[in-house]
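Structure file model-v3.cif; described as mmCIF, C-alpha atoms (C1' of nucleotides).
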data_work
loop_
_atom_site.label_atom_id
_atom_site.label_comp_id
_atom_site.auth_asym_id
_atom_site.auth_seq_id
_atom_site.Cartn_x
_atom_site.Cartn_y
_atom_site.Cartn_z
CA MET A 1395 0.00 0.00 0.00
CA ASN A 1396 1.34 3.37 -0.84
CA LYS A 1397 1.12 6.62 1.00
CA ASN A 1398 -1.34 8.25 -1.35
CA ASP A 1399 -3.92 5.56 -1.00
CA ASN A 1400 -4.51 7.07 2.42
CA ILE A 1401 -6.62 9.68 0.83
CA THR A 1402 -9.71 7.56 0.79
CA ASN A 1403 -8.61 4.60 2.88
CA LEU A 1404 -9.09 5.92 6.35
CA SER A 1405 -8.29 2.60 7.94
CA PHE A 1406 -4.71 3.59 7.64
CA ASP A 1407 -4.59 7.29 8.27
CA PHE A 1408 -1.70 7.05 10.66
CA GLU A 1409 -0.16 10.11 9.21
CA PHE A 1410 -3.04 12.00 10.68
CA LEU A 1411 -2.94 10.26 14.03
CA ASP A 1412 0.75 10.89 14.11
CA LYS A 1413 0.52 14.58 13.29
CA VAL A 1414 -2.55 15.55 15.25
CA ILE A 1415 -2.01 17.73 18.29
CA VAL A 1416 -4.81 19.29 20.21
CA GLY A 1417 -5.18 22.11 22.73
CA ILE A 1418 -6.50 21.50 26.21
CA GLY A 1419 -9.91 22.97 25.45
CA GLU A 1420 -10.50 20.64 22.55
CA VAL A 1421 -9.17 17.66 24.48
CA SER A 1422 -11.69 18.51 27.15
CA GLN A 1423 -14.48 18.51 24.60
CA ILE A 1424 -13.31 15.29 23.00
CA THR A 1425 -12.85 13.38 26.23
CA ASN A 1426 -15.39 15.05 28.47
CA ILE A 1427 -12.71 15.59 31.06
CA PRO A 1428 -12.60 19.09 32.61
CA THR A 1429 -9.52 21.15 31.77
CA ARG A 1430 -8.87 21.50 35.45
CA GLN A 1431 -8.62 17.77 35.83
CA ILE A 1432 -6.38 17.41 32.81
CA ARG A 1433 -3.95 19.91 34.30
CA TYR A 1434 -3.97 18.07 37.58
CA TRP A 1435 -3.12 14.79 35.91
CA GLU A 1436 -0.31 16.50 34.10
CA ASP A 1437 0.97 18.05 37.31
CA LYS A 1438 1.08 14.56 38.78
CA GLY A 1439 3.10 13.36 35.81
CA ILE A 1440 0.48 10.96 34.54
CA ILE A 1441 0.22 12.60 31.16
CA THR A 1442 2.55 14.92 29.33
CA SER A 1443 2.02 17.81 26.96
CA LEU A 1444 4.23 19.21 24.24
CA THR A 1445 4.30 22.67 25.77
CA GLU A 1446 8.03 23.17 25.90
CA LYS A 1447 8.63 22.29 22.30
CA GLU A 1448 5.52 23.77 20.77
CA GLY A 1449 4.62 27.02 22.48
CA LYS A 1450 3.24 28.51 25.64
CA ASN A 1451 0.02 26.55 25.90
CA ARG A 1452 -0.49 22.86 26.40
CA ARG A 1453 -0.75 20.63 23.34
CA TYR A 1454 -1.54 16.94 23.51
CA ASP A 1455 -0.80 14.23 21.01
CA TYR A 1456 -2.85 11.19 20.15
CA LYS A 1457 -1.05 9.01 22.63
CA ASN A 1458 -1.85 11.25 25.56
CA ILE A 1459 -5.45 11.84 24.55
CA LYS A 1460 -5.88 8.09 24.29
CA LYS A 1461 -4.28 7.79 27.69
CA MET A 1462 -6.81 10.16 29.20
CA LEU A 1463 -9.72 8.26 27.72
CA LEU A 1464 -8.41 4.98 29.07
CA ILE A 1465 -7.75 6.41 32.52
CA LYS A 1466 -11.22 7.85 32.61
CA GLU A 1467 -12.70 4.43 31.87
CA LEU A 1468 -10.74 2.81 34.68
CA LEU A 1469 -11.68 5.54 37.13
CA ASP A 1470 -15.30 4.83 36.36
CA GLU A 1471 -14.63 1.18 37.08
CA GLY A 1472 -13.44 2.12 40.55
CA TYR A 1473 -9.67 2.18 40.24
CA THR A 1474 -7.73 4.95 41.93
CA LEU A 1475 -5.99 7.48 39.75
CA ASP A 1476 -2.56 5.99 40.34
CA ALA A 1477 -3.77 2.47 39.72
CA SER A 1478 -5.51 3.55 36.53
CA ALA A 1479 -2.41 5.30 35.34
CA GLU A 1480 -0.31 2.25 36.05
CA LYS A 1481 -2.68 -0.08 34.26
CA VAL A 1482 -2.87 2.22 31.26
CA LYS A 1483 0.90 2.39 30.93
CA LYS A 1484 1.03 -1.11 29.50
CA ARG A 1485 -1.68 -0.45 26.97
CA ILE A 1486 0.00 2.72 25.88
CA ILE A 1487 3.19 0.85 25.18
CA LEU A 1488 1.24 -1.47 22.90
CA ILE A 1489 -0.35 1.49 21.16
CA GLU A 1490 3.02 3.12 20.65
CA GLU A 1491 4.51 -0.05 19.23
CA MET A 1492 1.63 -0.52 16.87
CA LEU A 1493 1.81 3.10 15.70
CA LYS A 1494 5.51 2.75 15.08
CA LYS A 1495 5.05 -0.48 13.19
CA LEU A 1496 2.24 0.82 11.04
CA LYS A 1497 4.16 3.98 10.30
CA LYS A 1498 6.99 1.88 9.00
CA ASP A 1499 4.79 -0.45 6.95
CA TYR A 1500 2.59 2.12 5.26
CA SER A 1501 4.84 4.99 4.34
CA MET B 1454 -14.87 -6.90 16.07
CA ASN B 1455 -16.15 -5.08 19.05
CA LYS B 1456 -15.82 -1.55 20.20
CA ASN B 1457 -13.31 -2.26 22.93
CA ASP B 1458 -10.80 -3.87 20.66
CA ASN B 1459 -10.17 -0.35 19.47
CA ILE B 1460 -8.02 0.19 22.48
CA THR B 1461 -5.00 -1.38 20.95
CA ASN B 1462 -6.12 -1.82 17.36
CA LEU B 1463 -5.50 1.62 16.01
CA SER B 1464 -6.34 0.61 12.49
CA PHE B 1465 -9.92 1.09 13.43
CA ASP B 1466 -9.94 4.05 15.76
CA PHE B 1467 -12.81 5.71 13.99
CA GLU B 1468 -14.29 6.76 17.25
CA PHE B 1469 -11.35 9.07 17.63
CA LEU B 1470 -11.46 10.33 14.07
CA ASP B 1471 -15.13 10.94 14.53
CA LYS B 1472 -14.79 12.83 17.80
CA VAL B 1473 -11.68 14.83 17.14
CA ILE B 1474 -12.04 18.57 16.73
CA VAL B 1475 -9.15 20.94 16.43
CA GLY B 1476 -8.66 24.67 16.83
CA ILE B 1477 -7.37 26.81 13.99
CA GLY B 1478 -3.90 27.15 15.47
CA GLU B 1479 -3.38 23.43 15.69
CA VAL B 1480 -4.86 22.87 12.25
CA SER B 1481 -2.32 25.34 10.97
CA GLN B 1482 0.48 23.38 12.59
CA ILE B 1483 -0.84 20.06 11.34
CA THR B 1484 -1.40 21.17 7.77
CA ASN B 1485 1.23 23.88 7.40
CA ILE B 1486 -1.44 26.23 6.13
CA PRO B 1487 -1.39 29.74 7.66
CA THR B 1488 -4.38 30.59 9.84
CA ARG B 1489 -5.04 33.57 7.62
CA GLN B 1490 -5.43 31.32 4.64
CA ILE B 1491 -7.68 28.91 6.49
CA ARG B 1492 -10.01 31.78 7.42
CA TYR B 1493 -10.03 32.94 3.83
CA TRP B 1494 -11.03 29.52 2.58
CA GLU B 1495 -13.78 29.42 5.15
CA ASP B 1496 -15.00 32.88 4.15
CA LYS B 1497 -15.23 31.58 0.61
CA GLY B 1498 -17.32 28.66 1.80
CA ILE B 1499 -14.81 26.03 0.80
CA ILE B 1500 -14.47 24.63 4.29
CA THR B 1501 -16.70 24.92 7.32
CA SER B 1502 -16.05 25.10 11.04
CA LEU B 1503 -18.19 24.09 13.96
CA THR B 1504 -18.11 27.53 15.53
CA GLU B 1505 -21.79 28.08 15.99
CA LYS B 1506 -22.40 24.84 17.79
CA GLU B 1507 -19.22 24.60 19.77
CA GLY B 1508 -18.14 27.99 20.96
CA LYS B 1509 -16.81 31.35 19.89
CA ASN B 1510 -13.67 30.14 18.18
CA ARG B 1511 -13.34 27.99 15.11
CA ARG B 1512 -13.16 24.23 15.49
CA TYR B 1513 -12.53 21.87 12.61
CA ASP B 1514 -13.40 18.22 12.34
CA TYR B 1515 -11.45 15.48 10.60
CA LYS B 1516 -13.34 15.89 7.37
CA ASN B 1517 -12.46 19.54 7.01
CA ILE B 1518 -8.84 19.09 8.02
CA LYS B 1519 -8.55 16.36 5.41
CA LYS B 1520 -10.17 18.70 2.94
CA MET B 1521 -7.55 21.34 3.59
CA LEU B 1522 -4.72 18.90 3.10
CA LEU B 1523 -6.17 17.70 -0.18
CA ILE B 1524 -6.77 21.22 -1.44
CA LYS B 1525 -3.24 22.16 -0.57
CA GLU B 1526 -1.93 19.26 -2.63
CA LEU B 1527 -3.95 20.28 -5.65
CA LEU B 1528 -2.91 23.91 -5.33
CA ASP B 1529 0.68 22.77 -5.47
CA GLU B 1530 -0.14 20.84 -8.63
CA GLY B 1531 -1.30 24.08 -10.22
CA TYR B 1532 -5.06 24.01 -9.86
CA THR B 1533 -6.88 27.15 -8.89
CA LEU B 1534 -8.50 27.30 -5.49
CA ASP B 1535 -11.99 26.81 -6.87
CA ALA B 1536 -10.93 23.96 -9.11
CA SER B 1537 -9.14 22.29 -6.22
CA ALA B 1538 -12.18 22.68 -4.00
CA GLU B 1539 -14.40 21.19 -6.66
CA LYS B 1540 -12.11 18.23 -7.23
CA VAL B 1541 -11.82 17.59 -3.52
CA LYS B 1542 -15.58 17.55 -3.05
CA LYS B 1543 -15.82 14.14 -4.64
CA ARG B 1544 -13.08 12.66 -2.53
CA ILE B 1545 -14.64 14.04 0.60
CA ILE B 1546 -17.90 12.34 -0.22
CA LEU B 1547 -16.03 9.06 -0.44
CA ILE B 1548 -14.34 9.74 2.88
CA GLU B 1549 -17.64 10.53 4.50
CA GLU B 1550 -19.24 7.39 3.17
CA MET B 1551 -16.37 5.28 4.37
CA LEU B 1552 -16.44 6.85 7.82
CA LYS B 1553 -20.13 6.25 8.07
CA LYS B 1554 -19.80 2.66 6.95
CA LEU B 1555 -16.94 1.88 9.30
CA LYS B 1556 -18.76 3.49 12.16
CA LYS B 1557 -21.66 1.19 11.54
CA ASP B 1558 -19.55 -1.94 11.16
CA TYR B 1559 -17.28 -1.51 14.15
CA SER B 1560 -19.48 -0.20 16.92
"C1'" DA C 945 -16.33 9.57 63.46
"C1'" DT C 946 -12.07 11.81 62.64
"C1'" DT C 947 -7.85 11.88 60.63
"C1'" DC C 948 -5.09 11.88 56.55
"C1'" DA C 949 -3.97 11.38 51.78
"C1'" DT C 950 -5.87 11.63 47.40
"C1'" DT C 951 -8.47 13.85 43.96
"C1'" DT C 952 -11.34 17.21 42.13
"C1'" DT C 953 -12.85 21.84 41.65
"C1'" DG C 954 -12.89 27.23 42.19
"C1'" DT C 955 -11.06 31.55 41.04
"C1'" DA C 956 -8.42 36.02 40.17
"C1'" DA C 957 -4.90 38.16 37.63
"C1'" DA C 958 -1.77 37.77 33.84
"C1'" DT C 959 -0.49 35.92 29.36
"C1'" DA C 960 -1.50 33.96 24.93
"C1'" DA C 961 -4.35 32.99 21.04
"C1'" DA C 962 -8.26 33.93 18.00
"C1'" DT C 963 -11.74 37.11 15.92
"C1'" DT C 964 -13.23 40.74 13.00
"C1'" DA C 965 -12.84 44.18 9.70
"C1'" DC C 966 -10.33 46.99 7.45
"C1'" DA C 967 -6.91 47.13 3.55
"C1'" DA C 968 -2.69 46.09 0.94
"C1'" DT C 969 0.12 43.14 -1.74
"C1'" DG C 970 0.96 39.27 -4.84
"C1'" DT C 971 -0.33 36.27 -8.76
"C1'" DT C 972 -2.28 34.74 -12.98
"C1'" DT C 973 -4.44 35.12 -17.34
"C1'" DG C 974 -6.73 37.31 -21.21
"C1'" DC D 1240 -1.77 46.52 -18.11
"C1'" DA D 1241 -6.09 45.53 -16.37
"C1'" DA D 1242 -9.00 42.67 -13.62
"C1'" DA D 1243 -10.22 38.83 -11.08
"C1'" DC D 1244 -8.33 35.71 -7.91
"C1'" DA D 1245 -5.68 34.66 -3.83
"C1'" DT D 1246 -2.81 35.58 -0.05
"C1'" DT D 1247 -1.13 38.27 3.66
"C1'" DG D 1248 -0.82 42.32 7.25
"C1'" DT D 1249 -2.45 44.33 11.30
"C1'" DA D 1250 -4.92 46.94 15.17
"C1'" DA D 1251 -8.38 46.56 18.49
"C1'" DT D 1252 -11.32 43.47 20.83
"C1'" DT D 1253 -12.83 39.10 22.57
"C1'" DT D 1254 -11.98 34.51 24.12
"C1'" DA D 1255 -9.08 30.88 26.02
"C1'" DT D 1256 -5.27 29.35 28.81
"C1'" DT D 1257 -1.91 29.62 32.54
"C1'" DT D 1258 -0.36 29.88 37.13
"C1'" DA D 1259 -0.77 29.81 41.88
"C1'" DC D 1260 -3.23 30.10 45.42
"C1'" DA D 1261 -6.80 27.53 48.17
"C1'" DA D 1262 -11.09 25.08 49.22
"C1'" DA D 1263 -14.04 21.17 48.91
"C1'" DA D 1264 -15.11 16.37 47.94
"C1'" DT D 1265 -13.92 11.43 48.26
"C1'" DG D 1266 -12.32 7.39 50.36
"C1'" DA D 1267 -9.75 4.33 53.34
"C1'" DA D 1268 -7.63 3.25 57.74
"C1'" DT D 1269 -7.37 3.49 62.57
#
Could I get this structure in the form of structure tokens?
Amino acid sequence: MNKNDNITNLSFDFEFLDKVIVGIGEVSQITNIPTRQIRYWEDKGIITSLTEKEGKNRRYDYKNIKKMLLIKELLDEGYTLDASAEKVKKRIILIEEMLKKLKKDYS
Amino acid sequence: MNKNDNITNLSFDFEFLDKVIVGIGEVSQITNIPTRQIRYWEDKGIITSLTEKEGKNRRYDYKNIKKMLLIKELLDEGYTLDASAEKVKKRIILIEEMLKKLKKDYS
DNA sequence: ATTCATTTTGTAAATAAATTACAATGTTTG
DNA sequence: CAAACATTGTAATTTATTTACAAAATGAAT
């Protein structure tokens, strides 16, 4: 499969997933997590933003947005924040590996 | 395939593509199109934002970001803005149909 | 039940980003 | 070169975000 097939084959739009970065307000809308809570999680080191590299305001990549969604699910299931974060770590590693692999295969 | 497999199977993270909305600044970073130009295209009716529904500032969904990227490609190939927009319309319809279909199949 | 740690939420003042509406400058083509 | 098309500039205003303080919830253990 070649890069340009991506145009209509969304199943493999990793370029987009890889490029996309989103401000805290939009992340809040996407995930339904209050901005205040997102900042707290970041303060605790559970998620990370691209602030330093990108600008003055927080920017989150796909990996971290996904992380938030997963943590939120586990919180709802009754896990503590730390436990959720720990559990999610493993999944995130899988996601990262898959993204890396797919990036290699389809570019 | 069920909804929760999405967690590690990124090939089918349509939920994300469907939910994601991005501010004009981030769209500009993602696409390398100046914000000024994005606003101009919107003024011309070539792309649309979710401003009215969402808030005071412009928010773009996946479809419109994709549209911008495609238009940009065609502009580089020498098409005029209107011609590019017209050409892209057809591709966008395909993208929309595919998104709709995949949403139905994998949820 | 009260203590204690964890987690979420509130808010004011300052900074950063986006909007609008005006216009100016490029660019292309007949 | 004229004329339509397209991009870019910018000042003043509005909106969003940040930080840093603190106050409430929440929950578990003693």
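Each of A:Asn1458, A:Thr1425, A:Thr1474, A:Ser1443 was checked against chain C using all atoms listed in the file; the smallest atom-to-atom distance is that of A:Thr1474.
Residues matched by the PyMOL selection byres ((chain C and resi 955) around 12) in this file are A:Arg1430, C:DT953, C:DG954, C:DA956, C:DA957, D:DT1258, D:DA1259, D:DC1260, D:DA1261, D:DA1262.
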Using all atoms listed in the file, determine which residues of chain B fall within 9 Å of chain C; present them as a ChimeraX atom specification. /B:1477-1478,1509-1511
At most 9 Å is the cut-off: for each residue in chain D with any atom that close to an atom of chain A, write down the nearest atom pair and the distance in Å rounded to one decimal, counting all atoms listed in the file, chain first then increasing number, as a tab-separated table.
residue	atom	partner	partner_atom	distance
D:DA1255	C1'	A:Gly1419	CA	8.0
D:DT1256	C1'	A:Asn1451	CA	6.7
D:DT1257	C1'	A:Asn1451	CA	7.6
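Considering the residues A:Glu1420, A:Asp1455, A:Glu1471, A:Asp1412 and counting only C-alpha atoms, chain B has its shortest atom-to-atom contact with A:Glu1420.
Using only C-alpha atoms, the shortest contact distance between chain B and any of A:Asp1499, A:Tyr1456, A:Lys1483, A:Ile1441 is found at A:Tyr1456.
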Kindly determine which residues of chain B lie within 9 Å of chain A, considering all atoms listed in the file, and give the answer as number ranges by chain. B: 1460-1467, 1469-1470, 1472-1476, 1478-1480, 1482-1484, 1512, 1519, 1523, 1544-1545, 1547-1548, 1551-1552, 1555
On this file, the PyMOL selection byres ((chain D and resi 1243-1247) around 7) gives some set of residues; write that set as a count of residues only. 3
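Restricting the calculation to all atoms listed in the file, the smallest distance between B:Trp1494 and any of B:Lys1540, B:Lys1525, B:Lys1516, B:Lys1557 is found for B:Lys1525.
Going from atom CA of B:Ile1486 to atom CA of B:Met1521 covers 8.2 Å.
Put simply, atom CA of A:Tyr1473 is 18.8 Å away from atom CA of A:Pro1428.
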Tell me which protein, DNA and RNA residues are within 12 Å of A:Gly1439, counting only C-alpha atoms (C1' of nucleotides), leaving out same-chain ones fewer than 5 positions away, and put them as a PyMOL selection string. chain A and resi 1432-1434+1458+1475-1476+1479-1480
Dump of C-alpha atoms for the selected residues, as an mmCIF file, in the frame of the given file:
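That gives us selection_12.cif:
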data_model
loop_
_atom_site.group_PDB
_atom_site.id
_atom_site.type_symbol
_atom_site.label_atom_id
_atom_site.label_comp_id
_atom_site.auth_asym_id
_atom_site.auth_seq_id
_atom_site.Cartn_x
_atom_site.Cartn_y
_atom_site.Cartn_z
ATOM 1 C CA ILE A 1432 -6.380 17.410 32.810
ATOM 2 C CA ARG A 1433 -3.950 19.910 34.300
ATOM 3 C CA TYR A 1434 -3.970 18.070 37.580
ATOM 4 C CA ASN A 1458 -1.850 11.250 25.560
ATOM 5 C CA LEU A 1475 -5.990 7.480 39.750
ATOM 6 C CA ASP A 1476 -2.560 5.990 40.340
ATOM 7 C CA ALA A 1479 -2.410 5.300 35.340
ATOM 8 C CA GLU A 1480 -0.310 2.250 36.050
#
